[in-house]
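So this one's structure_11.pdb, PDB, C-alpha atoms:
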```pdb
ATOM      1  CA  MET A 232      11.653 -28.163 -22.920
ATOM      2  CA  LYS A 233       8.674 -28.074 -20.596
ATOM      3  CA  LEU A 234       8.644 -25.152 -18.186
ATOM      4  CA  THR A 235       7.929 -25.967 -14.557
ATOM      5  CA  ALA A 236       5.634 -23.901 -12.361
ATOM      6  CA  THR A 237       8.603 -23.225 -10.072
ATOM      7  CA  ALA A 238      10.667 -21.785 -12.938
ATOM      8  CA  ILE A 239       7.772 -19.555 -13.999
ATOM      9  CA  ARG A 240       7.325 -18.238 -10.440
ATOM     10  CA  THR A 241      11.059 -17.630 -10.052
ATOM     11  CA  LEU A 242      11.273 -15.678 -13.285
ATOM     12  CA  LYS A 243       8.151 -13.660 -12.453
ATOM     13  CA  ALA A 244       9.845 -12.486  -9.251
ATOM     14  CA  GLU A 245      12.681 -11.178 -11.440
ATOM     15  CA  GLY A 246      10.318  -9.278 -13.743
ATOM     16  CA  PHE A 247       9.822 -11.909 -16.484
ATOM     17  CA  LEU A 248       6.152 -12.749 -17.076
ATOM     18  CA  HIS A 249       5.233 -15.980 -18.840
ATOM     19  CA  ASN A 250       3.544 -15.524 -22.217
ATOM     20  CA  ARG A 251       0.522 -17.793 -21.993
ATOM     21  CA  GLY A 252       0.670 -20.945 -24.112
ATOM     22  CA  THR A 253       4.345 -20.501 -25.032
ATOM     23  CA  GLU A 254       7.810 -21.007 -23.589
ATOM     24  CA  SER A 255       8.628 -17.304 -23.909
ATOM     25  CA  PHE A 256       8.433 -14.380 -21.497
ATOM     26  CA  SER A 257       7.826 -10.644 -21.389
ATOM     27  CA  ALA A 258      10.592  -8.739 -19.618
ATOM     28  CA  ARG A 259       9.638  -5.653 -17.604
ATOM     29  CA  ILE A 260      12.356  -3.004 -17.501
ATOM     30  CA  ILE A 261      12.172  -0.307 -14.812
ATOM     31  CA  PRO A 262      12.769   3.292 -15.968
ATOM     32  CA  VAL A 263      14.564   4.494 -12.835
ATOM     33  CA  GLY A 264      13.262   7.904 -11.837
ATOM     34  CA  GLY A 265      10.667   7.722 -14.610
ATOM     35  CA  SER A 266      13.095   8.263 -17.491
ATOM     36  CA  LEU A 267      15.639   6.549 -19.738
ATOM     37  CA  SER A 268      18.833   7.868 -21.273
ATOM     38  CA  ALA A 269      19.299   7.853 -25.054
ATOM     39  CA  GLU A 270      21.855   5.053 -24.647
ATOM     40  CA  GLN A 271      19.434   2.985 -22.577
ATOM     41  CA  THR A 272      16.680   3.505 -25.120
ATOM     42  CA  ILE A 273      18.987   2.266 -27.880
ATOM     43  CA  ALA A 274      19.964  -0.751 -25.759
ATOM     44  CA  ILE A 275      16.284  -1.625 -25.261
ATOM     45  CA  GLY A 276      15.662  -1.455 -29.016
ATOM     46  CA  GLU A 277      18.679  -3.681 -29.658
ATOM     47  CA  ALA A 278      17.492  -6.176 -27.024
ATOM     48  CA  ALA A 279      14.028  -6.311 -28.606
ATOM     49  CA  LYS A 280      15.610  -7.240 -31.938
ATOM     50  CA  LEU A 281      18.170  -9.690 -30.574
ATOM     51  CA  TYR A 282      16.080 -11.540 -28.016
ATOM     52  CA  GLY A 283      12.399 -10.675 -28.525
ATOM     53  CA  ASP A 284      10.074 -10.041 -31.458
ATOM     54  CA  SER A 285      11.366  -6.505 -32.180
ATOM     55  CA  LYS A 286       8.457  -4.924 -30.314
ATOM     56  CA  VAL A 287       8.427  -2.717 -27.222
ATOM     57  CA  SER A 288       5.329  -1.869 -25.196
ATOM     58  CA  PHE A 289       4.592  -0.014 -21.964
ATOM     59  CA  THR A 290       2.675  -1.031 -18.879
ATOM     60  CA  SER A 291       0.213   1.064 -16.895
ATOM     61  CA  ARG A 292       3.002   1.804 -14.396
ATOM     62  CA  MET A 293       5.315   3.135 -17.098
ATOM     63  CA  THR A 294       7.625   0.126 -17.169
ATOM     64  CA  VAL A 295       9.017  -0.950 -20.537
ATOM     65  CA  GLU A 296       7.932  -4.418 -21.627
ATOM     66  CA  LEU A 297       9.694  -6.581 -24.213
ATOM     67  CA  PRO A 298       7.516  -9.598 -25.110
ATOM     68  CA  HIS A 299       8.326 -13.037 -26.534
ATOM     69  CA  ILE A 300      11.796 -13.611 -25.146
ATOM     70  CA  PRO A 301      12.533 -17.371 -25.293
ATOM     71  CA  TYR A 302      13.417 -19.007 -22.013
ATOM     72  CA  ASP A 303      16.933 -19.960 -23.163
ATOM     73  CA  LEU A 304      17.708 -16.344 -24.155
ATOM     74  CA  ILE A 305      16.802 -14.775 -20.804
ATOM     75  CA  GLU A 306      20.342 -14.909 -19.399
ATOM     76  CA  PRO A 307      22.008 -13.212 -22.408
ATOM     77  CA  PHE A 308      19.135 -10.706 -22.430
ATOM     78  CA  LYS A 309      19.834  -9.835 -18.791
ATOM     79  CA  ARG A 310      23.533  -9.355 -19.515
ATOM     80  CA  HIS A 311      22.672  -7.063 -22.427
ATOM     81  CA  ILE A 312      20.436  -4.707 -20.463
ATOM     82  CA  HIS A 313      22.585  -4.766 -17.313
ATOM     83  CA  ALA A 314      25.472  -3.452 -19.409
ATOM     84  CA  ALA A 315      23.293  -0.378 -20.113
ATOM     85  CA  GLY A 316      22.463   0.104 -16.426
ATOM     86  CA  LEU A 317      18.948  -1.299 -16.776
ATOM     87  CA  MET A 318      17.041  -3.686 -14.512
ATOM     88  CA  THR A 319      13.952  -5.870 -14.675
ATOM     89  CA  GLY A 320      11.382  -6.172 -11.902
ATOM     90  CA  GLY A 321       8.099  -4.600 -10.881
ATOM     91  CA  THR A 322       6.185  -7.686  -9.765
ATOM     92  CA  GLY A 323       5.154  -9.373  -6.525
ATOM     93  CA  ALA A 324       3.805  -8.316  -3.130
ATOM     94  CA  LYS A 325       6.324  -5.517  -2.832
ATOM     95  CA  VAL A 326       6.763  -1.824  -3.571
ATOM     96  CA  ARG A 327       5.952  -1.470  -7.264
ATOM     97  CA  PRO A 328       7.721   0.830  -9.753
ATOM     98  CA  VAL A 329       7.107   4.472  -8.859
ATOM     99  CA  THR A 330       5.077   6.459 -11.384
ATOM    100  CA  SER A 331       5.252  10.207 -11.850
ATOM    101  CA  CYS A 332       3.856  12.815 -14.187
ATOM    102  CA  LYS A 333       6.009  15.168 -16.273
ATOM    103  CA  GLY A 334       5.973  17.885 -13.646
ATOM    104  CA  SER A 335       9.730  18.355 -14.089
ATOM    105  CA  THR A 336       9.121  20.046 -17.453
ATOM    106  CA  CYS A 337       5.355  20.703 -17.511
ATOM    107  CA  VAL A 338       4.241  24.339 -17.423
ATOM    108  CA  PHE A 339       1.914  23.451 -14.519
ATOM    109  CA  GLY A 340       4.457  21.382 -12.576
ATOM    110  CA  LEU A 341       5.151  22.708  -9.083
ATOM    111  CA  TYR A 342       8.361  20.745  -8.473
ATOM    112  CA  ASP A 343      10.808  18.276 -10.047
ATOM    113  CA  THR A 344       8.726  15.092 -10.109
ATOM    114  CA  ASN A 345      11.475  12.996 -11.731
ATOM    115  CA  ALA A 346      13.876  13.897  -8.911
ATOM    116  CA  LEU A 347      11.333  12.901  -6.244
ATOM    117  CA  ASN A 348      10.535   9.715  -8.199
ATOM    118  CA  LEU A 349      14.229   8.814  -8.201
ATOM    119  CA  GLU A 350      14.561   9.482  -4.471
ATOM    120  CA  ILE A 351      11.539   7.300  -3.700
ATOM    121  CA  HIS A 352      12.796   4.587  -6.083
ATOM    122  CA  ASN A 353      16.196   4.411  -4.393
ATOM    123  CA  ARG A 354      14.862   4.533  -0.852
ATOM    124  CA  PHE A 355      11.784   2.338  -1.144
ATOM    125  CA  TYR A 356      11.680   0.369  -4.418
ATOM    126  CA  GLU A 357      15.333  -0.614  -4.008
ATOM    127  CA  GLY A 358      15.605  -0.209  -0.238
ATOM    128  CA  TYR A 359      12.525  -2.335   0.494
ATOM    129  CA  ARG A 360      12.987  -4.849  -2.340
ATOM    130  CA  SER A 361      13.735  -7.671   0.098
ATOM    131  CA  VAL A 362      10.692  -6.840   2.274
ATOM    132  CA  ASN A 363       7.620  -8.957   1.573
ATOM    133  CA  LEU A 364       4.355  -7.064   2.019
ATOM    134  CA  PRO A 365       0.784  -8.378   2.341
ATOM    135  CA  HIS A 366       0.151  -7.231  -1.242
ATOM    136  CA  LYS A 367       1.584  -4.870  -3.861
ATOM    137  CA  PHE A 368       2.105  -1.234  -2.859
ATOM    138  CA  LYS A 369       1.872   1.483  -5.507
ATOM    139  CA  ILE A 370       3.233   5.016  -5.178
ATOM    140  CA  GLY A 371       2.155   7.847  -7.504
ATOM    141  CA  VAL A 372       3.981  11.190  -7.733
ATOM    142  CA  GLY A 373       1.824  14.032  -9.084
ATOM    143  CA  GLY A 374       3.268  17.438  -9.887
ATOM    144  CA  CYS A 375       0.138  19.530  -9.391
ATOM    145  CA  PRO A 376      -3.621  19.264  -8.717
ATOM    146  CA  ASN A 377      -4.267  18.408 -12.390
ATOM    147  CA  ASN A 378      -3.625  14.834 -11.154
ATOM    148  CA  CYS A 379      -2.557  13.512 -14.561
ATOM    149  CA  ILE A 380      -1.223  10.245 -13.128
ATOM    150  CA  LYS A 381      -4.175   9.892 -10.740
ATOM    151  CA  PRO A 382      -2.255   9.823  -7.436
ATOM    152  CA  GLU A 383      -5.534   9.241  -5.564
ATOM    153  CA  LEU A 384      -5.752   5.750  -7.102
ATOM    154  CA  ASN A 385      -2.398   4.662  -5.671
ATOM    155  CA  ASP A 386      -1.772   3.111  -2.274
ATOM    156  CA  PHE A 387       0.260   6.238  -1.523
ATOM    157  CA  GLY A 388      -0.438   9.284  -3.690
ATOM    158  CA  ILE A 389       1.473  12.564  -3.687
ATOM    159  CA  VAL A 390       0.197  15.866  -5.144
ATOM    160  CA  GLY A 391       2.324  19.021  -5.301
ATOM    161  CA  GLN A 392       0.821  22.107  -3.671
ATOM    162  CA  ARG A 393       1.699  25.808  -3.667
ATOM    163  CA  VAL A 394      -0.366  27.561  -1.013
ATOM    164  CA  PRO A 395      -0.927  31.165  -2.182
ATOM    165  CA  LEU A 396      -0.572  33.976   0.335
ATOM    166  CA  LEU A 397      -2.192  37.315  -0.514
ATOM    167  CA  ASP A 398      -0.681  40.472   0.983
ATOM    168  CA  ALA A 399      -3.503  43.020   1.002
ATOM    169  CA  SER A 400      -1.068  45.801   1.883
ATOM    170  CA  ILE A 401       0.593  45.402  -1.521
ATOM    171  CA  CYS A 402      -2.642  45.003  -3.503
ATOM    172  CA  LYS A 403      -3.423  48.039  -5.720
ATOM    173  CA  GLN A 404      -7.070  47.006  -6.178
ATOM    174  CA  CYS A 405      -6.674  46.990  -9.950
ATOM    175  CA  ARG A 406      -9.900  47.272 -11.950
ATOM    176  CA  LEU A 407      -8.953  44.023 -13.730
ATOM    177  CA  CYS A 408      -7.154  41.666 -11.344
ATOM    178  CA  ALA A 409      -4.821  39.317 -13.273
ATOM    179  CA  ALA A 410      -4.811  36.760 -10.443
ATOM    180  CA  GLU A 411      -8.601  36.739 -10.230
ATOM    181  CA  GLU A 412      -8.982  36.373 -13.988
ATOM    182  CA  GLY A 413      -6.421  33.567 -14.189
ATOM    183  CA  CYS A 414      -7.645  31.418 -11.304
ATOM    184  CA  PRO A 415      -9.155  28.204 -12.779
ATOM    185  CA  GLN A 416     -11.004  27.495  -9.519
ATOM    186  CA  LYS A 417     -12.468  31.012  -9.259
ATOM    187  CA  ALA A 418     -11.146  31.040  -5.710
ATOM    188  CA  ILE A 419     -10.011  34.673  -5.790
ATOM    189  CA  ARG A 420     -12.918  36.999  -5.119
ATOM    190  CA  ARG A 421     -13.374  40.707  -4.375
ATOM    191  CA  THR A 422     -14.676  41.702  -0.986
ATOM    192  CA  ALA A 423     -17.141  44.525  -0.461
ATOM    193  CA  ALA A 424     -14.146  46.847  -0.123
ATOM    194  CA  GLU A 425     -12.890  45.621  -3.538
ATOM    195  CA  VAL A 426      -9.863  43.960  -1.922
ATOM    196  CA  PRO A 427      -9.280  40.445  -3.310
ATOM    197  CA  CYS A 428      -9.325  37.476  -0.960
ATOM    198  CA  ILE A 429      -8.618  33.767  -1.446
ATOM    199  CA  GLU A 430     -11.461  31.394  -0.627
ATOM    200  CA  ARG A 431      -9.615  28.426   0.847
ATOM    201  CA  ALA A 432     -12.548  26.062   0.372
ATOM    202  CA  SER A 433     -12.353  26.580  -3.401
ATOM    203  CA  CYS A 434      -8.570  26.925  -3.772
ATOM    204  CA  ASN A 435      -6.772  23.702  -4.728
ATOM    205  CA  ASN A 436      -3.266  25.188  -4.328
ATOM    206  CA  CYS A 437      -2.418  24.834  -8.008
ATOM    207  CA  GLY A 438      -0.166  27.894  -7.867
ATOM    208  CA  ARG A 439      -1.503  29.455 -11.050
ATOM    209  CA  CYS A 440      -2.145  32.778  -9.301
ATOM    210  CA  ILE A 441       1.366  33.076  -7.878
ATOM    211  CA  LYS A 442       3.340  35.809  -9.641
ATOM    212  CA  ALA A 443       0.257  36.692 -11.696
ATOM    213  CA  CYS A 444       0.020  39.984  -9.830
ATOM    214  CA  PRO A 445       2.507  42.472 -11.363
ATOM    215  CA  PHE A 446       2.927  44.067  -7.921
ATOM    216  CA  GLY A 447       3.776  40.785  -6.164
ATOM    217  CA  ALA A 448       0.730  40.730  -3.917
ATOM    218  CA  ILE A 449       0.443  36.914  -4.165
ATOM    219  CA  ARG A 450       3.316  34.624  -3.290
ATOM    220  CA  ALA A 451       4.084  31.176  -1.910
ATOM    221  CA  GLU A 452       7.011  30.418   0.325
ATOM    222  CA  ARG A 453       7.627  26.809  -0.775
ATOM    223  CA  THR A 454       6.185  23.694  -2.365
ATOM    224  CA  LEU A 455       4.251  21.416  -0.045
ATOM    225  CA  TYR A 456       2.637  18.049  -0.703
ATOM    226  CA  LYS A 457      -0.826  16.615  -0.257
ATOM    227  CA  VAL A 458      -0.908  12.902   0.597
ATOM    228  CA  PHE A 459      -3.637  10.400  -0.304
ATOM    229  CA  LEU A 460      -3.743   6.968   1.338
ATOM    230  CA  GLY A 461      -5.332   3.717   0.254
ATOM    231  CA  GLY A 462      -6.316   4.384  -3.330
ATOM    232  CA  ARG A 463      -6.821   1.435  -5.675
ATOM    233  CA  TRP A 464      -8.097   0.631  -9.147
ATOM    234  CA  GLY A 465      -9.366  -2.636 -10.548
ATOM    235  CA  LYS A 466     -12.186  -4.968  -9.554
ATOM    236  CA  GLN A 467     -12.572  -2.965  -6.350
ATOM    237  CA  ILE A 468     -12.178   0.803  -6.689
ATOM    238  CA  ARG A 469     -11.367   3.196  -3.881
ATOM    239  CA  MET A 470     -10.339   6.830  -4.010
ATOM    240  CA  GLY A 471      -7.456   7.539  -1.666
ATOM    241  CA  THR A 472      -8.277   9.348   1.561
ATOM    242  CA  PRO A 473      -6.429  12.672   1.943
ATOM    243  CA  MET A 474      -4.452  13.271   5.103
ATOM    244  CA  SER A 475      -5.594  16.255   7.111
ATOM    245  CA  THR A 476      -2.599  18.518   6.522
ATOM    246  CA  LEU A 477       0.124  19.276   3.969
ATOM    247  CA  PHE A 478       3.707  18.096   4.317
ATOM    248  CA  THR A 479       7.275  18.944   3.373
ATOM    249  CA  LYS A 480       9.240  16.600   1.106
ATOM    250  CA  GLU A 481      11.166  15.044   4.001
ATOM    251  CA  GLU A 482       7.928  14.496   5.885
ATOM    252  CA  VAL A 483       6.437  12.775   2.814
ATOM    253  CA  LEU A 484       9.416  10.422   2.539
ATOM    254  CA  ASN A 485       9.043   9.494   6.198
ATOM    255  CA  LEU A 486       5.297   8.988   5.712
ATOM    256  CA  ILE A 487       5.967   6.529   2.884
ATOM    257  CA  GLU A 488       8.231   4.495   5.146
ATOM    258  CA  LYS A 489       5.746   4.597   8.011
ATOM    259  CA  SER A 490       2.956   3.529   5.627
ATOM    260  CA  LEU A 491       5.001   0.543   4.467
ATOM    261  CA  LEU A 492       5.733  -0.435   8.058
ATOM    262  CA  LEU A 493       2.077  -0.036   9.011
ATOM    263  CA  PHE A 494       1.040  -2.145   6.014
ATOM    264  CA  LYS A 495       3.595  -4.813   6.906
ATOM    265  CA  ASP A 496       2.574  -4.798  10.583
ATOM    266  CA  GLU A 497      -1.210  -4.603  10.307
ATOM    267  CA  GLY A 498      -1.979  -6.078   6.885
ATOM    268  CA  LYS A 499      -3.209  -9.619   6.398
ATOM    269  CA  GLN A 500      -1.790 -11.755   3.603
ATOM    270  CA  GLY A 501      -3.436 -10.835   0.282
ATOM    271  CA  GLU A 502      -4.943  -7.642   1.703
ATOM    272  CA  ARG A 503      -4.445  -4.246   0.032
ATOM    273  CA  PHE A 504      -3.482  -1.129   1.988
ATOM    274  CA  SER A 505      -6.946   0.305   1.335
ATOM    275  CA  THR A 506      -8.524  -2.569   3.280
ATOM    276  CA  VAL A 507      -6.144  -1.992   6.195
ATOM    277  CA  ILE A 508      -7.196   1.671   6.301
ATOM    278  CA  GLU A 509     -10.888   0.797   6.208
ATOM    279  CA  ARG A 510     -10.457  -1.801   8.942
ATOM    280  CA  LEU A 511      -8.451   0.443  11.280
ATOM    281  CA  GLY A 512     -10.161   3.711  10.387
ATOM    282  CA  MET A 513      -8.457   6.756   8.912
ATOM    283  CA  ALA A 514      -8.234   8.511  12.285
ATOM    284  CA  GLU A 515      -6.174   5.683  13.794
ATOM    285  CA  VAL A 516      -4.052   5.328  10.655
ATOM    286  CA  GLU A 517      -3.232   9.025  10.606
ATOM    287  CA  GLN A 518      -2.415   8.978  14.299
ATOM    288  CA  LYS A 519       0.030   6.111  13.754
ATOM    289  CA  LEU A 520       1.637   7.781  10.738
ATOM    290  CA  LEU A 521       2.123  11.113  12.479
ATOM    291  CA  SER A 522       3.968   9.506  15.393
ATOM    292  CA  ASP A 523       7.440   7.919  15.231
ATOM    293  CA  ASP A 524       6.455   4.666  16.923
ATOM    294  CA  LEU A 525       6.533   2.664  13.676
ATOM    295  CA  LEU A 526      10.059   3.864  12.882
ATOM    296  CA  LEU A 527      11.227   2.969  16.390
ATOM    297  CA  HIS A 528      10.033  -0.615  15.780
ATOM    298  CA  LYS A 529      11.204  -0.801  12.146
ATOM    299  CA  GLU A 530      13.603  -3.737  12.493
ATOM    300  CA  GLU A 531      11.111  -5.743  14.519
ATOM    301  CA  ILE A 532       8.321  -5.149  11.977
ATOM    302  CA  ILE A 533      10.478  -5.961   8.957
ATOM    303  CA  SER A 534      11.813  -9.144  10.528
ATOM    304  CA  HIS A 535       8.284 -10.587  10.793
ATOM    305  CA  GLY A 536       7.455 -12.843   7.880
TER     306      GLY A 536
END
```
Could you quickly redo this structure as structure tokens?
Amino acid sequence: MKLTATAIRTLKAEGFLHNRGTESFSARIIPVGGSLSAEQTIAIGEAAKLYGDSKVSFTSRMTVELPHIPYDLIEPFKRHIHAAGLMTGGTGAKVRPVTSCKGSTCVFGLYDTNALNLEIHNRFYEGYRSVNLPHKFKIGVGGCPNNCIKPELNDFGIVGQRVPLLDASICKQCRLCAAEEGCPQKAIRRTAAEVPCIERASCNNCGRCIKACPFGAIRAERTLYKVFLGGRWGKQIRMGTPMSTLFTKEEVLNLIEKSLLLFKDEGKQGERFSTVIERLGMAEVEQKLLSDDLLLHKEEIISHG
């Protein structure tokens, strides 16, 4: 058979990308929450053998890709993976699959990145799947300032933060300060009185110093999040602009929604979020995101286009 351009576009919207020069497709499977169960992994391997060329690859956004699936086997392939609770997708001018680092298990991770990934996936990848945006919108979930998944190069980047608080009244002024020695940023310094202090300009809130002091002089009350807006990678590169303060998890989730609404409302067709930010200016963007006006007009904004 000869594939039509309409059929190729329709399948691409479902997560099936045409393999150039053939009548076969690569299926993109979304690892919900950034992980797969053992049963799902087995099902993917079986699908690669039954419907593809027995190979499995991975995209830059951590989706699983099975190449060379013939057009007439797409429907049985979909039934096979749906039975394992899997889905295809990850294309189009929409929220793209959420990427996250391994902060859930990493020794440097400051919070459960897989859990936050799953929450964002359900609320925005799934919840906004029917919402057409001016362009794709990528969300990166980073567990600490090591930035392994490069959150600053996403349209909306999240970096876990643990702000250390030093209680000088507890400090014993040890000759060898464990927190000072262990700080990778060298942000803990001795004052003239030999009492340690934290230089905020150098500290990146990685949390490495917390609990390092055997007397408990350094602590952090909770995990907060740093947000970067308008990052992108490709032909045009832009580092995301950090917002001026840190946020709680619930505030971050609301900021994602406001950012999507702002992008939908202000973005021109084919324009990335980074261009919207540069056109409006970060000061105006931040002002809009810190108010609730966008949420109050949510239905009106979504209904446009």
Using all atoms listed in the file, which protein or nucleic acid residues come within 10 Å of stretch 238-250 of chain A? Drop anything in the same chain fewer than 6 positions from it, and give the result as a compact mmCIF listing (two decimals) with C-alpha atoms, in the frame of the given file.
```txt
# COMPACT_ATOMS: atom_id res chain seq x y z
CA PHE A 256 8.43 -14.38 -21.50
CA SER A 257 7.83 -10.64 -21.39
CA ALA A 258 10.59 -8.74 -19.62
CA ARG A 259 9.64 -5.65 -17.60
CA ILE A 260 12.36 -3.00 -17.50
CA ILE A 261 12.17 -0.31 -14.81
CA GLU A 296 7.93 -4.42 -21.63
CA LEU A 297 9.69 -6.58 -24.21
CA PRO A 298 7.52 -9.60 -25.11
CA HIS A 299 8.33 -13.04 -26.53
CA ILE A 300 11.80 -13.61 -25.15
CA PRO A 301 12.53 -17.37 -25.29
CA TYR A 302 13.42 -19.01 -22.01
CA ILE A 305 16.80 -14.78 -20.80
CA MET A 318 17.04 -3.69 -14.51
CA THR A 319 13.95 -5.87 -14.68
CA GLY A 320 11.38 -6.17 -11.90
CA GLY A 321 8.10 -4.60 -10.88
CA THR A 322 6.18 -7.69 -9.76
CA GLY A 323 5.15 -9.37 -6.52
CA ALA A 324 3.80 -8.32 -3.13
```
For the structure provided, state which residues fall under the PyMOL selection byres ((chain A and resi 427) around 12), and present them as a PyMOL selection string. chain A and resi 396-412+417-426+428-430+444+448-449
Okay, now the selection with C-alpha atoms, as a tab-separated table (two decimals), keeping the file's coordinate frame?
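What ended up in result.tsv:
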```tsv
chain	number	residue	atom	x	y	z
A	396	LEU	CA	-0.57	33.98	0.34
A	397	LEU	CA	-2.19	37.32	-0.51
A	398	ASP	CA	-0.68	40.47	0.98
A	399	ALA	CA	-3.50	43.02	1.00
A	400	SER	CA	-1.07	45.80	1.88
A	401	ILE	CA	0.59	45.40	-1.52
A	402	CYS	CA	-2.64	45.00	-3.50
A	403	LYS	CA	-3.42	48.04	-5.72
A	404	GLN	CA	-7.07	47.01	-6.18
A	405	CYS	CA	-6.67	46.99	-9.95
A	406	ARG	CA	-9.90	47.27	-11.95
A	407	LEU	CA	-8.95	44.02	-13.73
A	408	CYS	CA	-7.15	41.67	-11.34
A	409	ALA	CA	-4.82	39.32	-13.27
A	410	ALA	CA	-4.81	36.76	-10.44
A	411	GLU	CA	-8.60	36.74	-10.23
A	412	GLU	CA	-8.98	36.37	-13.99
A	417	LYS	CA	-12.47	31.01	-9.26
A	418	ALA	CA	-11.15	31.04	-5.71
A	419	ILE	CA	-10.01	34.67	-5.79
A	420	ARG	CA	-12.92	37.00	-5.12
A	421	ARG	CA	-13.37	40.71	-4.38
A	422	THR	CA	-14.68	41.70	-0.99
A	423	ALA	CA	-17.14	44.52	-0.46
A	424	ALA	CA	-14.15	46.85	-0.12
A	425	GLU	CA	-12.89	45.62	-3.54
A	426	VAL	CA	-9.86	43.96	-1.92
A	428	CYS	CA	-9.32	37.48	-0.96
A	429	ILE	CA	-8.62	33.77	-1.45
A	430	GLU	CA	-11.46	31.39	-0.63
A	444	CYS	CA	0.02	39.98	-9.83
A	448	ALA	CA	0.73	40.73	-3.92
A	449	ILE	CA	0.44	36.91	-4.16
```
Quick one: what's the axis-aligned box for stretch 273-291 of chain A, all listed atoms, 3 Å on every side, centre and edges in Å to one decimal, as lines of an AutoDock Vina configuration file?
```
center_x = 10.1
center_y = -4.6
center_z = -24.5
size_x = 25.8
size_y = 19.8
size_z = 21.3
```
Which of A:Leu521, A:Val390, A:Leu492, A:Ala315 sits closest to A:Ala274 [using all atoms listed in the file]: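 So, comparing all the options, the nearest one is A:Ala315.
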Close residues, A:Thr272 itself excluded, 10 Å, only C-alpha atoms, min 3 positions apart in chain, as a PDB file with C-alpha atoms, in the frame of the given file:
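The new file out_35.pdb reads:
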```
ATOM      1  CA  PRO A 262      12.769   3.292 -15.968  1.00  0.00           C
ATOM      2  CA  SER A 266      13.095   8.263 -17.491  1.00  0.00           C
ATOM      3  CA  LEU A 267      15.639   6.549 -19.738  1.00  0.00           C
ATOM      4  CA  SER A 268      18.833   7.868 -21.273  1.00  0.00           C
ATOM      5  CA  ALA A 269      19.299   7.853 -25.054  1.00  0.00           C
ATOM      6  CA  ILE A 275      16.284  -1.625 -25.261  1.00  0.00           C
ATOM      7  CA  GLY A 276      15.662  -1.455 -29.016  1.00  0.00           C
ATOM      8  CA  GLU A 277      18.679  -3.681 -29.658  1.00  0.00           C
ATOM      9  CA  ALA A 278      17.492  -6.176 -27.024  1.00  0.00           C
ATOM     10  CA  VAL A 295       9.017  -0.950 -20.537  1.00  0.00           C
ATOM     11  CA  ALA A 315      23.293  -0.378 -20.113  1.00  0.00           C
ATOM     12  CA  LEU A 317      18.948  -1.299 -16.776  1.00  0.00           C
TER      13      LEU A 317
END
```
For each of A:Val394, A:Leu349, A:Leu455, A:Cys332, take the minimum atom-to-atom distance to A:Lys381, counting all atoms listed in the file, then give the residue where this is smallest.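 Closest to A:Lys381 of all the choices is A:Cys332.
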Could you check the closest approach to A:Asp303 for each of A:Leu341, A:Leu234, A:Val287, A:Ile351 and tell me which residue wins, using only C-alpha atoms?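 That would be A:Leu234, the residue with the smallest distance to A:Asp303.
What the PyMOL selection byres ((chain A and resi 461) around 6) grabs from this file is Asp386, Leu460, Gly462, Gly471, Phe504 and Ser505 of chain A.
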Could you tell me how far atom CA of A:Pro382 lies from atom CA of A:Leu486, in Å and to one decimal?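 For atom CA of A:Pro382 relative to atom CA of A:Leu486, the distance reads 15.2 Å.
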Top pick for closest residue to A:Ser291, considering A:Thr330, A:Ser255, A:Ser490, A:Thr479 and counting all atoms listed in the file: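 For A:Ser291, the nearest of the candidates is A:Thr330.
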